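**Q** Take a look at work-v3.cif, mmCIF, C-alpha atoms:
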```cif
data_structure
#
loop_
_atom_site.label_atom_id
_atom_site.label_comp_id
_atom_site.auth_asym_id
_atom_site.auth_seq_id
_atom_site.Cartn_x
_atom_site.Cartn_y
_atom_site.Cartn_z
CA MET A 52 -29.69 17.12 12.24
CA THR A 53 -29.07 15.17 9.03
CA GLU A 54 -25.37 14.81 8.24
CA LEU A 55 -25.35 12.12 5.57
CA GLU A 56 -27.81 11.90 2.72
CA VAL A 57 -27.65 9.14 0.12
CA THR A 58 -29.98 9.12 -2.88
CA GLY A 59 -30.38 6.62 -5.72
CA LEU A 60 -27.09 4.80 -5.12
CA SER A 61 -26.51 1.86 -7.49
CA CYS A 62 -23.42 -0.31 -8.02
CA ARG A 63 -22.40 -3.29 -10.10
CA ARG A 64 -20.00 -6.12 -9.29
CA GLY A 65 -18.71 -8.05 -12.28
CA GLY A 66 -21.40 -6.58 -14.53
CA ARG A 67 -24.23 -7.65 -12.19
CA PRO A 68 -26.14 -4.98 -10.26
CA VAL A 69 -25.79 -5.71 -6.52
CA VAL A 70 -26.75 -2.38 -4.98
CA ARG A 71 -29.93 -0.99 -6.46
CA ASN A 72 -31.28 2.48 -5.88
CA ILE A 73 -30.41 2.81 -2.20
CA ALA A 74 -31.55 5.94 -0.39
CA PHE A 75 -31.27 6.88 3.29
CA THR A 76 -30.34 9.72 5.57
CA LEU A 77 -28.36 9.56 8.77
CA ALA A 78 -28.34 12.15 11.54
CA ARG A 79 -25.91 12.72 14.40
CA GLY A 80 -26.11 9.99 17.02
CA GLU A 81 -27.68 7.49 14.63
CA LEU A 82 -26.56 3.97 13.76
CA LEU A 83 -27.65 2.27 10.55
CA ALA A 84 -27.39 -1.52 10.39
CA LEU A 85 -27.16 -3.03 6.91
CA THR A 86 -28.65 -6.50 6.90
CA GLY A 87 -29.35 -9.05 4.22
CA ARG A 88 -28.21 -12.43 2.95
CA ASN A 89 -24.67 -13.18 1.79
CA GLY A 90 -24.08 -11.45 -1.51
CA SER A 91 -26.86 -8.92 -0.99
CA GLY A 92 -24.37 -6.07 -1.47
CA LYS A 93 -23.63 -4.94 2.09
CA THR A 94 -19.87 -4.73 1.57
CA THR A 95 -20.28 -3.17 -1.88
CA LEU A 96 -22.56 -0.49 -0.45
CA LEU A 97 -20.04 0.30 2.30
CA ARG A 98 -17.19 0.47 -0.25
CA ALA A 99 -19.29 2.70 -2.50
CA LEU A 100 -19.99 5.04 0.42
CA ALA A 101 -16.22 5.27 1.05
CA LEU A 102 -15.66 5.89 -2.70
CA LEU A 103 -13.54 2.73 -2.90
CA VAL A 104 -15.97 1.44 -5.54
CA THR A 105 -17.30 3.78 -8.20
CA ALA A 106 -21.08 3.95 -8.11
CA ASP A 107 -23.03 3.73 -11.39
CA ALA A 108 -25.58 6.25 -10.20
CA GLY A 109 -26.55 8.18 -7.12
CA VAL A 110 -25.29 10.96 -4.93
CA ILE A 111 -23.72 10.89 -1.47
CA ARG A 112 -23.97 14.19 0.38
CA TRP A 113 -22.15 15.01 3.60
CA ARG A 114 -23.42 18.18 5.28
CA GLY A 115 -25.08 19.09 1.99
CA ALA A 116 -22.02 18.78 -0.27
CA ASP A 117 -21.47 16.02 -2.84
CA VAL A 118 -18.55 14.01 -1.46
CA ARG A 119 -17.10 13.19 -4.89
CA TYR A 120 -15.90 16.78 -5.26
CA ASP A 121 -13.83 16.66 -2.07
CA ARG A 122 -12.50 13.13 -1.77
CA ASP A 123 -9.82 13.94 0.82
CA GLY A 124 -12.24 15.99 2.91
CA TRP A 125 -14.74 13.10 2.85
CA HIS A 126 -12.08 10.55 3.77
CA ARG A 127 -11.18 12.68 6.80
CA GLN A 128 -14.75 12.12 8.06
CA ILE A 129 -14.61 8.31 7.75
CA ALA A 130 -13.10 5.62 9.95
CA TRP A 131 -13.02 2.31 8.07
CA LEU A 132 -13.17 -1.28 9.25
CA GLY A 133 -13.15 -3.64 6.28
CA HIS A 134 -13.46 -7.40 6.36
CA LEU A 135 -9.65 -7.39 6.35
CA ASP A 136 -8.11 -5.85 9.47
CA GLY A 137 -5.63 -3.53 7.75
CA LEU A 138 -2.96 -4.21 10.36
CA LYS A 139 0.71 -4.96 9.71
CA GLY A 140 1.69 -8.31 11.19
CA ASP A 141 5.29 -7.32 11.90
CA LEU A 142 4.36 -4.18 13.85
CA THR A 143 3.05 -4.19 17.41
CA VAL A 144 -0.53 -3.19 18.23
CA ALA A 145 0.66 0.19 19.53
CA GLU A 146 2.80 0.82 16.44
CA ASN A 147 -0.07 -0.13 14.15
CA LEU A 148 -2.43 2.33 15.84
CA ALA A 149 0.11 5.16 15.88
CA THR A 150 0.99 4.57 12.22
CA ALA A 151 -2.68 4.50 11.22
CA CYS A 152 -3.20 7.89 12.89
CA ARG A 153 -0.15 9.38 11.17
CA LEU A 154 -1.31 8.01 7.80
CA ARG A 155 -4.58 9.89 8.35
CA GLU A 156 -2.56 12.96 9.35
CA ALA A 157 -4.61 12.93 12.57
CA PRO A 158 -3.29 13.42 16.11
CA ALA A 159 -2.60 10.18 17.99
CA THR A 160 -4.22 11.52 21.17
CA ARG A 161 -7.00 8.91 21.23
CA VAL A 162 -4.75 5.87 20.90
CA ALA A 163 -4.47 5.27 24.65
CA ASP A 164 -8.26 5.45 25.12
CA ALA A 165 -8.84 3.15 22.15
CA VAL A 166 -6.36 0.59 23.50
CA ALA A 167 -8.07 0.67 26.90
CA ALA A 168 -11.58 0.44 25.42
CA PHE A 169 -10.84 -2.92 23.79
CA ASP A 170 -8.77 -4.30 26.65
CA LEU A 171 -5.60 -4.28 24.53
CA ILE A 172 -3.21 -2.91 27.17
CA PRO A 173 -1.60 -6.33 27.84
CA LEU A 174 -1.22 -6.87 24.08
CA ALA A 175 -0.02 -3.38 23.12
CA ASN A 176 3.61 -4.40 22.62
CA ARG A 177 3.00 -7.70 20.88
CA ALA A 178 3.44 -8.11 17.14
CA VAL A 179 0.04 -8.39 15.48
CA ARG A 180 0.97 -11.61 13.69
CA THR A 181 1.21 -13.38 17.08
CA LEU A 182 -2.39 -12.44 17.98
CA SER A 183 -5.51 -14.55 17.51
CA ALA A 184 -8.17 -13.56 14.97
CA GLY A 185 -10.38 -12.07 17.69
CA GLN A 186 -7.52 -10.11 19.25
CA ARG A 187 -6.61 -8.77 15.82
CA ARG A 188 -10.19 -7.71 15.22
CA ARG A 189 -10.10 -5.83 18.53
CA ALA A 190 -6.92 -4.06 17.45
CA ALA A 191 -8.62 -3.12 14.16
CA LEU A 192 -11.62 -1.75 16.08
CA ALA A 193 -9.25 0.23 18.29
CA ARG A 194 -7.80 1.71 15.09
CA VAL A 195 -11.29 2.89 14.12
CA VAL A 196 -11.77 4.54 17.53
CA ALA A 197 -8.30 6.12 17.46
CA ALA A 198 -9.01 7.72 14.07
CA GLY A 199 -11.42 10.14 15.77
CA ALA A 200 -13.64 10.44 12.69
CA PRO A 201 -17.36 11.30 12.95
CA LEU A 202 -18.61 8.50 10.66
CA TRP A 203 -17.67 4.87 11.26
CA LEU A 204 -18.10 2.41 8.39
CA LEU A 205 -17.92 -1.10 9.83
CA ASP A 206 -18.02 -4.33 7.82
CA GLU A 207 -19.04 -7.22 10.09
CA PRO A 208 -17.61 -5.63 13.26
CA LEU A 209 -18.73 -8.55 15.47
CA ASN A 210 -16.77 -11.14 13.46
CA ALA A 211 -14.45 -13.30 15.58
CA LEU A 212 -15.24 -11.34 18.77
CA ASP A 213 -16.01 -13.18 22.02
CA ALA A 214 -18.84 -12.05 24.34
CA PRO A 215 -16.80 -9.55 26.45
CA SER A 216 -15.32 -8.00 23.30
CA GLN A 217 -18.78 -7.69 21.74
CA ALA A 218 -19.89 -5.90 24.89
CA ALA A 219 -16.85 -3.60 24.64
CA LEU A 220 -17.79 -2.81 21.03
CA ARG A 221 -21.39 -2.00 22.08
CA THR A 222 -20.16 0.29 24.86
CA THR A 223 -17.70 2.07 22.56
CA LEU A 224 -20.22 2.41 19.76
CA GLY A 225 -22.78 3.73 22.27
CA LYS A 226 -20.31 6.37 23.48
CA HIS A 227 -19.48 7.38 19.92
CA LEU A 228 -23.19 7.83 19.09
CA ALA A 229 -23.88 9.67 22.34
CA ALA A 230 -21.10 12.11 21.47
CA GLY A 231 -22.87 12.93 18.20
CA GLY A 232 -21.06 10.41 16.00
CA LEU A 233 -22.61 8.37 13.19
CA ALA A 234 -22.07 4.74 12.21
CA ILE A 235 -23.06 2.35 9.45
CA ALA A 236 -22.46 -1.33 10.13
CA ALA A 237 -22.97 -4.32 7.84
CA THR A 238 -23.85 -7.18 10.11
CA HIS A 239 -25.53 -10.58 10.40
CA ALA A 240 -25.83 -10.69 14.16
CA PRO A 241 -28.09 -8.13 15.87
CA LEU A 242 -26.05 -5.26 17.30
CA ASP A 243 -28.28 -4.87 20.41
CA ILE A 244 -27.96 -1.13 20.49
CA PRO A 245 -31.03 1.01 21.24
CA ASN A 246 -32.46 3.09 18.39
CA VAL A 247 -30.57 1.21 15.69
CA ARG A 248 -32.11 1.73 12.26
CA ILE A 249 -32.12 -1.18 9.89
CA LEU A 250 -31.70 -1.15 6.12
CA GLU A 251 -32.52 -4.54 4.65
CA LEU A 252 -30.76 -5.17 1.35
CA GLY A 253 -32.37 -7.52 -1.14
CA PRO A 254 -32.84 -9.92 -2.78
CA MET B 71 3.85 15.60 3.86
CA THR B 72 3.33 13.97 7.28
CA GLY B 73 1.37 11.13 5.69
CA PHE B 74 4.15 10.60 3.12
CA GLY B 75 6.77 10.47 5.86
CA ALA B 76 4.64 8.13 7.97
CA LEU B 77 4.22 5.67 5.10
CA LEU B 78 7.93 5.80 4.23
CA ALA B 79 8.87 5.25 7.89
CA ARG B 80 6.38 2.39 8.20
CA ASP B 81 7.73 0.57 5.16
CA LEU B 82 11.35 1.01 6.23
CA ARG B 83 10.47 -0.25 9.70
CA LEU B 84 8.75 -3.31 8.20
CA VAL B 85 11.91 -4.08 6.22
CA TRP B 86 13.99 -3.58 9.37
CA ARG B 87 11.80 -6.18 11.15
CA ARG B 88 12.41 -8.67 8.34
CA PRO B 89 15.89 -7.95 6.97
CA GLY B 90 15.92 -11.40 5.33
CA ASP B 91 13.76 -10.17 2.45
CA VAL B 92 16.39 -7.60 1.44
CA MET B 93 19.30 -9.94 2.11
CA VAL B 94 17.83 -12.53 -0.28
CA VAL B 95 17.68 -9.91 -3.04
CA LEU B 96 21.28 -8.83 -2.49
CA ALA B 97 22.43 -12.45 -2.25
CA PHE B 98 20.67 -13.18 -5.55
CA PHE B 99 22.56 -10.27 -7.15
CA VAL B 100 25.92 -11.55 -5.88
CA VAL B 101 25.29 -15.17 -6.87
CA ALA B 102 23.93 -14.24 -10.31
CA THR B 103 26.95 -12.07 -11.14
CA VAL B 104 29.43 -14.63 -9.82
CA LEU B 105 27.96 -17.30 -12.12
CA PHE B 106 29.06 -15.44 -15.27
CA PRO B 107 32.84 -15.65 -14.72
CA LEU B 108 32.35 -19.32 -13.83
CA GLY B 109 30.38 -19.98 -16.98
CA ILE B 110 32.56 -17.98 -19.36
CA GLY B 111 35.92 -18.94 -17.94
CA PRO B 112 39.01 -16.89 -17.08
CA GLU B 113 38.92 -14.64 -20.15
CA THR B 114 39.82 -11.40 -18.42
CA ASN B 115 39.42 -9.14 -21.46
CA LEU B 116 36.04 -10.56 -22.41
CA LEU B 117 34.78 -10.39 -18.81
CA ALA B 118 35.85 -6.76 -18.39
CA ARG B 119 34.06 -5.85 -21.62
CA ILE B 120 30.72 -7.44 -20.70
CA ALA B 121 30.90 -6.69 -16.97
CA ALA B 122 28.65 -3.62 -17.09
CA GLY B 123 25.92 -5.41 -19.00
CA ILE B 124 25.99 -8.33 -16.58
CA LEU B 125 25.96 -6.12 -13.49
CA TRP B 126 23.10 -4.02 -14.83
CA CYS B 127 21.00 -7.02 -15.88
CA ALA B 128 21.60 -8.76 -12.56
CA ALA B 129 20.63 -5.57 -10.69
CA LEU B 130 17.47 -5.31 -12.79
CA PHE B 131 16.46 -8.91 -12.07
CA ALA B 132 17.26 -8.50 -8.38
CA ALA B 133 15.10 -5.37 -8.18
CA LEU B 134 12.23 -7.15 -9.96
CA LEU B 135 12.49 -10.05 -7.51
CA SER B 136 11.58 -7.78 -4.61
CA LEU B 137 8.96 -5.71 -6.46
CA GLU B 138 6.33 -8.43 -6.49
CA ARG B 139 5.64 -7.84 -2.79
CA LEU B 140 5.68 -4.02 -3.03
CA PHE B 141 1.89 -3.59 -3.01
CA ALA B 142 0.82 -7.25 -2.65
CA ALA B 143 1.37 -7.27 1.13
CA ASP B 144 -0.82 -4.18 1.60
CA TYR B 145 -3.41 -5.66 -0.77
CA GLU B 146 -3.62 -8.91 1.19
CA ASP B 147 -3.86 -7.49 4.72
CA GLY B 148 -6.25 -4.64 3.90
CA ALA B 149 -3.73 -1.84 4.46
CA LEU B 150 -4.20 -0.78 0.83
CA ASP B 151 -7.80 0.26 1.63
CA LEU B 152 -6.43 2.52 4.36
CA LEU B 153 -4.02 4.13 1.87
CA LEU B 154 -6.91 4.64 -0.56
CA LEU B 155 -8.87 6.23 2.29
CA ALA B 156 -6.02 8.45 3.52
CA PRO B 157 -6.91 12.13 3.20
CA TRP B 158 -3.89 12.99 1.01
CA PRO B 159 -3.03 12.15 -2.62
CA LEU B 160 -2.57 8.48 -3.46
CA GLU B 161 0.14 9.57 -5.91
CA LEU B 162 2.29 10.56 -2.92
CA ALA B 163 1.62 7.18 -1.31
CA ALA B 164 2.78 5.46 -4.50
CA LEU B 165 5.91 7.60 -4.48
CA ALA B 166 6.61 6.82 -0.80
CA LYS B 167 6.34 3.07 -1.47
CA CYS B 168 8.72 3.29 -4.46
CA LEU B 169 11.16 5.46 -2.50
CA ALA B 170 11.19 2.91 0.32
CA HIS B 171 11.84 0.18 -2.26
CA TRP B 172 14.72 2.15 -3.75
CA ILE B 173 16.31 2.81 -0.34
CA VAL B 174 16.36 -0.88 0.55
CA THR B 175 17.12 -2.28 -2.93
CA GLY B 176 18.44 0.25 -5.47
CA LEU B 177 20.79 1.98 -3.06
CA PRO B 178 22.45 -1.20 -1.68
CA LEU B 179 22.73 -2.60 -5.23
CA ALA B 180 24.50 0.58 -6.39
CA LEU B 181 26.95 0.24 -3.49
CA LEU B 182 27.47 -3.48 -4.02
CA ALA B 183 27.91 -3.41 -7.82
CA PRO B 184 31.40 -1.78 -7.84
CA LEU B 185 32.59 -4.51 -5.44
CA MET B 186 31.31 -7.14 -7.85
CA GLY B 187 32.95 -5.18 -10.69
CA LEU B 188 36.33 -5.96 -9.11
CA LEU B 189 35.72 -9.64 -9.87
CA PHE B 190 35.42 -8.77 -13.55
CA GLY B 191 38.63 -6.75 -13.61
CA LEU B 192 36.96 -3.39 -14.28
CA SER B 193 39.22 -0.33 -14.14
CA GLY B 194 38.85 2.30 -11.43
CA ASP B 195 36.87 4.59 -13.73
CA GLY B 196 34.72 1.68 -14.82
CA LEU B 197 33.90 0.83 -11.19
CA LEU B 198 32.94 4.45 -10.57
CA ALA B 199 30.75 4.45 -13.69
CA VAL B 200 28.94 1.26 -12.61
CA GLY B 201 28.24 2.64 -9.14
CA LEU B 202 27.12 6.09 -10.27
CA THR B 203 24.94 4.89 -13.16
CA LEU B 204 23.17 2.42 -10.87
CA LEU B 205 22.72 5.14 -8.27
CA VAL B 206 21.08 7.46 -10.82
CA GLY B 207 19.30 4.76 -12.85
CA THR B 208 17.75 2.53 -10.18
CA PRO B 209 15.06 5.07 -9.09
CA ALA B 210 13.56 4.67 -12.58
CA LEU B 211 13.62 0.88 -12.14
CA SER B 212 11.80 1.15 -8.79
CA LEU B 213 9.10 3.36 -10.32
CA ILE B 214 8.64 1.27 -13.48
CA GLY B 215 8.56 -1.90 -11.40
CA GLY B 216 6.12 -0.21 -9.02
CA LEU B 217 3.73 0.40 -11.92
CA ALA B 218 4.03 -3.23 -13.03
CA ALA B 219 3.46 -4.38 -9.44
CA ALA B 220 0.36 -2.21 -9.10
CA LEU B 221 -1.03 -3.41 -12.46
CA THR B 222 -0.55 -7.09 -11.59
CA LEU B 223 -2.15 -6.82 -8.11
CA GLY B 224 -4.54 -9.68 -7.54
CA ALA B 225 -3.48 -11.48 -10.73
CA ARG B 226 -2.52 -15.12 -10.60
CA ARG B 227 1.14 -15.74 -11.53
CA GLY B 228 1.64 -12.01 -10.90
CA GLY B 229 5.43 -12.37 -10.67
CA ALA B 230 5.94 -13.58 -14.26
CA LEU B 231 3.47 -11.02 -15.57
CA LEU B 232 5.24 -8.28 -13.61
CA ALA B 233 8.60 -9.13 -15.22
CA LEU B 234 6.98 -9.26 -18.66
CA LEU B 235 5.48 -5.79 -18.15
CA ALA B 236 8.45 -4.12 -16.49
CA LEU B 237 11.43 -5.47 -18.45
CA PRO B 238 10.65 -3.84 -21.84
CA LEU B 239 10.08 -0.50 -20.09
CA CYS B 240 13.48 -0.80 -18.40
CA VAL B 241 15.34 -1.16 -21.70
CA PRO B 242 16.31 2.54 -22.16
CA THR B 243 17.69 2.69 -18.62
CA LEU B 244 19.61 -0.53 -19.20
CA ILE B 245 21.11 0.69 -22.49
CA PHE B 246 22.43 3.95 -21.06
CA GLY B 247 23.51 2.35 -17.79
CA ALA B 248 25.60 -0.35 -19.39
CA GLY B 249 26.68 1.99 -22.22
CA ALA B 250 28.32 4.37 -19.73
CA VAL B 251 30.88 1.76 -18.74
CA GLU B 252 31.68 0.99 -22.37
CA VAL B 253 32.50 4.62 -23.19
CA VAL B 254 34.72 4.72 -20.10
CA ALA B 255 36.55 1.69 -21.48
CA ILE B 256 37.44 3.61 -24.66
CA GLY B 257 38.66 6.52 -22.57
CA GLU B 258 35.77 8.97 -22.81
CA GLY B 259 33.65 10.63 -20.14
CA PHE B 260 30.30 9.13 -19.17
CA LEU B 261 28.63 12.36 -18.11
CA THR B 262 26.24 12.32 -21.09
CA HIS B 263 25.06 8.83 -20.20
CA LEU B 264 24.63 9.86 -16.57
CA ALA B 265 22.60 12.91 -17.63
CA ILE B 266 20.31 10.77 -19.81
CA LEU B 267 19.83 8.29 -16.95
CA GLY B 268 18.95 11.21 -14.69
CA ALA B 269 16.47 12.45 -17.29
CA LEU B 270 14.87 8.98 -17.50
CA ALA B 271 14.58 8.86 -13.70
CA LEU B 272 13.00 12.34 -13.60
CA LEU B 273 10.62 11.43 -16.42
CA SER B 274 9.53 8.37 -14.43
CA LEU B 275 9.19 10.51 -11.32
CA ALA B 276 7.00 13.03 -13.14
CA THR B 277 4.62 10.50 -14.71
CA LEU B 278 4.59 7.11 -13.03
CA PRO B 279 3.19 8.00 -9.57
CA TRP B 280 -0.06 9.01 -11.30
CA ALA B 281 -0.18 5.77 -13.29
CA ILE B 282 0.58 3.71 -10.16
CA ALA B 283 -2.15 5.51 -8.20
CA ALA B 284 -4.67 4.84 -10.98
CA ALA B 285 -3.72 1.15 -11.03
CA LEU B 286 -4.05 0.95 -7.22
CA ARG B 287 -7.51 2.53 -7.32
CA GLN B 288 -8.51 -0.05 -9.92
CA ALA B 289 -7.18 -2.85 -7.70
CA GLY B 290 -9.25 -1.52 -4.79
CA GLU B 291 -12.51 -1.71 -6.75
#
```
I need this file expressed as structure tokens, please.

**A**
Amino acid sequence: MTELEVTGLSCRRGGRPVVRNIAFTLARGELLALTGRNGSGKTTLLRALALLVTADAGVIRWRGADVRYDRDGWHRQIAWLGHLDGLKGDLTVAENLATACRLREAPATRVADAVAAFDLIPLANRAVRTLSAGQRRRAALARVVAAGAPLWLLDEPLNALDAPSQAALRTTLGKHLAAGGLAIAATHAPLDIPNVRILELGP
Amino acid sequence: MTGFGALLARDLRLVWRRPGDVMVVLAFFVVATVLFPLGIGPETNLLARIAAGILWCAALFAALLSLERLFAADYEDGALDLLLLAPWPLELAALAKCLAHWIVTGLPLALLAPLMGLLFGLSGDGLLAVGLTLLVGTPALSLIGGLAAALTLGARRGGALLALLALPLCVPTLIFGAGAVEVVAIGEGFLTHLAILGALALLSLATLPWAIAAALRQAGE
């Protein structure tokens, strides 16, 4: 069942077209990997999908409806992992996750599961600024899981993660897809997840 | 409103974790006001006459000092994207940030200013006027400064640019704030001034959150 349908999406950065006429559909349980060289527009495409960047042309439909007409409703469907972690250094991991849920006006019922999934239990009460880059990335991924949204938009989710954490991400992503979730990930490294679809961005 | 409350609580908690940031602002206010009697000398009459202007200007500069970080911290750590992606109006988020700024800056300045007024030999009514006008006037300063902070996000030398943008817009508030103490000095009531300050604050409240939200969306692009 197709949930997300993108047609003719184009975006500019600094006057230069970086995303040209992108079209794809995504059904429940599917993962789309965006690949391409540096500067090929992976991040811009993700930001355009989240309506953080205004697209020049194109339509994004979620369950048949154009998302621009219901911004808040669309944002409820998205969990976002940017190239910045979006965590507050002076708050603990647990506080960061709980705050992120409250900012989404979503219940914080998944926080405990998310913390366990990325092996963050020993770090839960440490201030984020004392964590390493990889630990911070894990906390940011846990925030995505805790959001409980159907569509995950992930920008370089494997960045800074060690092998066990990458495995934890694969397991969690697999569970999310098996439960009927969707995900779009911009990535250099192969995700090693069965049935991943690949969208190669040029040039 | 749960998102609004969550953002307000988060910002207040962040300040609580780093009280130094607020203390520096208040210390700046105290030091700046104390310099004037030292520079002008023990001319009690002159000092009492210009006290309100000095206290208001110092409060304005102190508030500006802390505004530079209002959105910059969220911009740098990626939390701004999460606010842009929150499923409730960004205008409310802008308002929550400005309210948090007022609680930790405007409110303490309004409480501190009458104490500093004692140094200038202000009368009892004058002290009351300084405190009340700052209490009613500083919300407008937080909102105007919030707009300047949002507009200068990502700019180099953002601090100087912020002051350049915000200070002219703060002039009406400054005039009626300092003016209230002067009419008290000639024995009249300052209720009119207070009402105008309240009107300026409400005008800012009714318009600026939209402008701040638009500037934040632009910064997120």

**Q** Select residues of chain A: the criterion is any atom within 9 Å of an atom of chain B, counting all atoms listed in the file; output as a ChimeraX atom specification.

**A** /A:98,101-105,122-127,129-131,133-142,150-151,153-156

**Q** I would like the residues chosen by the PyMOL selection byres ((chain A and resi 233) around 7) on the shown file; could you give them as a PyMOL selection string?

**A** chain A and resi 79-82+201-203+228+231-232+234

**Q** Taking 6 positions as the minimum chain separation for residues in the same chain, which residues sit within 12 Å of Ala121 in chain B when counting only C-alpha atoms? Answer as a JSON list (two decimals) with C-alpha atoms, in the frame of the given file.

**A**
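Result file part-v6.json:
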```json
[["chain", "number", "residue", "atom", "x", "y", "z"],
["B", 103, "THR", "CA", 26.95, -12.07, -11.14],
["B", 104, "VAL", "CA", 29.43, -14.63, -9.82],
["B", 106, "PHE", "CA", 29.06, -15.44, -15.27],
["B", 107, "PRO", "CA", 32.84, -15.65, -14.72],
["B", 110, "ILE", "CA", 32.56, -17.98, -19.36],
["B", 113, "GLU", "CA", 38.92, -14.64, -20.15],
["B", 114, "THR", "CA", 39.82, -11.40, -18.42],
["B", 115, "ASN", "CA", 39.42, -9.14, -21.46],
["B", 127, "CYS", "CA", 21.00, -7.02, -15.88],
["B", 128, "ALA", "CA", 21.60, -8.76, -12.56],
["B", 183, "ALA", "CA", 27.91, -3.41, -7.82],
["B", 184, "PRO", "CA", 31.40, -1.78, -7.84],
["B", 185, "LEU", "CA", 32.59, -4.51, -5.44],
["B", 186, "MET", "CA", 31.31, -7.14, -7.85],
["B", 187, "GLY", "CA", 32.95, -5.18, -10.69],
["B", 188, "LEU", "CA", 36.33, -5.96, -9.11],
["B", 189, "LEU", "CA", 35.72, -9.64, -9.87],
["B", 190, "PHE", "CA", 35.42, -8.77, -13.55],
["B", 191, "GLY", "CA", 38.63, -6.75, -13.61],
["B", 192, "LEU", "CA", 36.96, -3.39, -14.28],
["B", 193, "SER", "CA", 39.22, -0.33, -14.14],
["B", 196, "GLY", "CA", 34.72, 1.68, -14.82],
["B", 197, "LEU", "CA", 33.90, 0.83, -11.19],
["B", 199, "ALA", "CA", 30.75, 4.45, -13.69],
["B", 200, "VAL", "CA", 28.94, 1.26, -12.61],
["B", 247, "GLY", "CA", 23.51, 2.35, -17.79],
["B", 248, "ALA", "CA", 25.60, -0.35, -19.39],
["B", 249, "GLY", "CA", 26.68, 1.99, -22.22],
["B", 250, "ALA", "CA", 28.32, 4.37, -19.73],
["B", 251, "VAL", "CA", 30.88, 1.76, -18.74],
["B", 252, "GLU", "CA", 31.68, 0.99, -22.37],
["B", 255, "ALA", "CA", 36.55, 1.69, -21.48]]
```

**Q** Measuring atom to atom with all atoms listed in the file, identify which of A:Val247, A:Ala157, A:Ala168, A:Ala108 is nearest to Ile235 in chain A.

**A** A:Val247

**Q** Taking all atoms listed in the file into account, name the residue in A:Ala149, A:Leu85, A:Val144, A:Gly225 that is nearest to Gln186 in chain A.

**A**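 So, comparing all the options, the nearest one is A:Val144.
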
**Q** Step by step, work through what the PyMOL selection byres ((chain B and resi 267) around 8) selects in the shown file, and finish by giving those residues as a PyMOL selection string.

**A** chain B and resi 203+206-207+243+246-247+263-266+268-271

**Q** Calculated over only C-alpha atoms, which of the candidates A:Ser91, A:Thr86, A:Thr53, A:Thr222 has the smallest distance to Val69 in chain A?

**A**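 Once distances to Val69 in chain A are computed over only C-alpha atoms, the minimum belongs to A:Ser91.
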
**Q** Please enumerate the residues selected by the PyMOL selection byres ((chain A and resi 249) around 7) when evaluated against the supplied file, formatted as a ChimeraX atom specification.

**A** /A:83-85,247-248,250-251

**Q** Using only C-alpha atoms, which residue out of B:Ala142, B:Leu134, B:Leu78, B:Ile256 lies closest to Ala225 in chain B?

**A** B:Ala142

**Q** Excluding range 187-194 of chain A and its own-chain neighbours fewer than 4 positions away, which residues fall within 10 Å of it when counting only C-alpha atoms? Please give them as a tab-separated table (two decimals) with C-alpha atoms, in the coordinates of the input.

**A**
```tsv
chain	number	residue	atom	x	y	z
A	130	ALA	CA	-13.10	5.62	9.95
A	131	TRP	CA	-13.02	2.31	8.07
A	132	LEU	CA	-13.17	-1.28	9.25
A	133	GLY	CA	-13.15	-3.64	6.28
A	134	HIS	CA	-13.46	-7.40	6.36
A	135	LEU	CA	-9.65	-7.39	6.35
A	136	ASP	CA	-8.11	-5.85	9.47
A	137	GLY	CA	-5.63	-3.53	7.75
A	138	LEU	CA	-2.96	-4.21	10.36
A	140	GLY	CA	1.69	-8.31	11.19
A	143	THR	CA	3.05	-4.19	17.41
A	144	VAL	CA	-0.53	-3.19	18.23
A	145	ALA	CA	0.66	0.19	19.53
A	147	ASN	CA	-0.07	-0.13	14.15
A	148	LEU	CA	-2.43	2.33	15.84
A	149	ALA	CA	0.11	5.16	15.88
A	150	THR	CA	0.99	4.57	12.22
A	151	ALA	CA	-2.68	4.50	11.22
A	152	CYS	CA	-3.20	7.89	12.89
A	161	ARG	CA	-7.00	8.91	21.23
A	162	VAL	CA	-4.75	5.87	20.90
A	163	ALA	CA	-4.47	5.27	24.65
A	164	ASP	CA	-8.26	5.45	25.12
A	165	ALA	CA	-8.84	3.15	22.15
A	166	VAL	CA	-6.36	0.59	23.50
A	167	ALA	CA	-8.07	0.67	26.90
A	168	ALA	CA	-11.58	0.44	25.42
A	169	PHE	CA	-10.84	-2.92	23.79
A	170	ASP	CA	-8.77	-4.30	26.65
A	171	LEU	CA	-5.60	-4.28	24.53
A	174	LEU	CA	-1.22	-6.87	24.08
A	175	ALA	CA	-0.02	-3.38	23.12
A	179	VAL	CA	0.04	-8.39	15.48
A	180	ARG	CA	0.97	-11.61	13.69
A	181	THR	CA	1.21	-13.38	17.08
A	182	LEU	CA	-2.39	-12.44	17.98
A	183	SER	CA	-5.51	-14.55	17.51
A	198	ALA	CA	-9.01	7.72	14.07
A	199	GLY	CA	-11.42	10.14	15.77
A	205	LEU	CA	-17.92	-1.10	9.83
A	208	PRO	CA	-17.61	-5.63	13.26
A	209	LEU	CA	-18.73	-8.55	15.47
A	210	ASN	CA	-16.77	-11.14	13.46
A	211	ALA	CA	-14.45	-13.30	15.58
A	212	LEU	CA	-15.24	-11.34	18.77
A	216	SER	CA	-15.32	-8.00	23.30
A	217	GLN	CA	-18.78	-7.69	21.74
A	219	ALA	CA	-16.85	-3.60	24.64
A	220	LEU	CA	-17.79	-2.81	21.03
A	223	THR	CA	-17.70	2.07	22.56
```

**Q** So how far away is CA of Leu224 in chain A from CA of Val196 in chain A, in Å?

**A** 9.0 Å
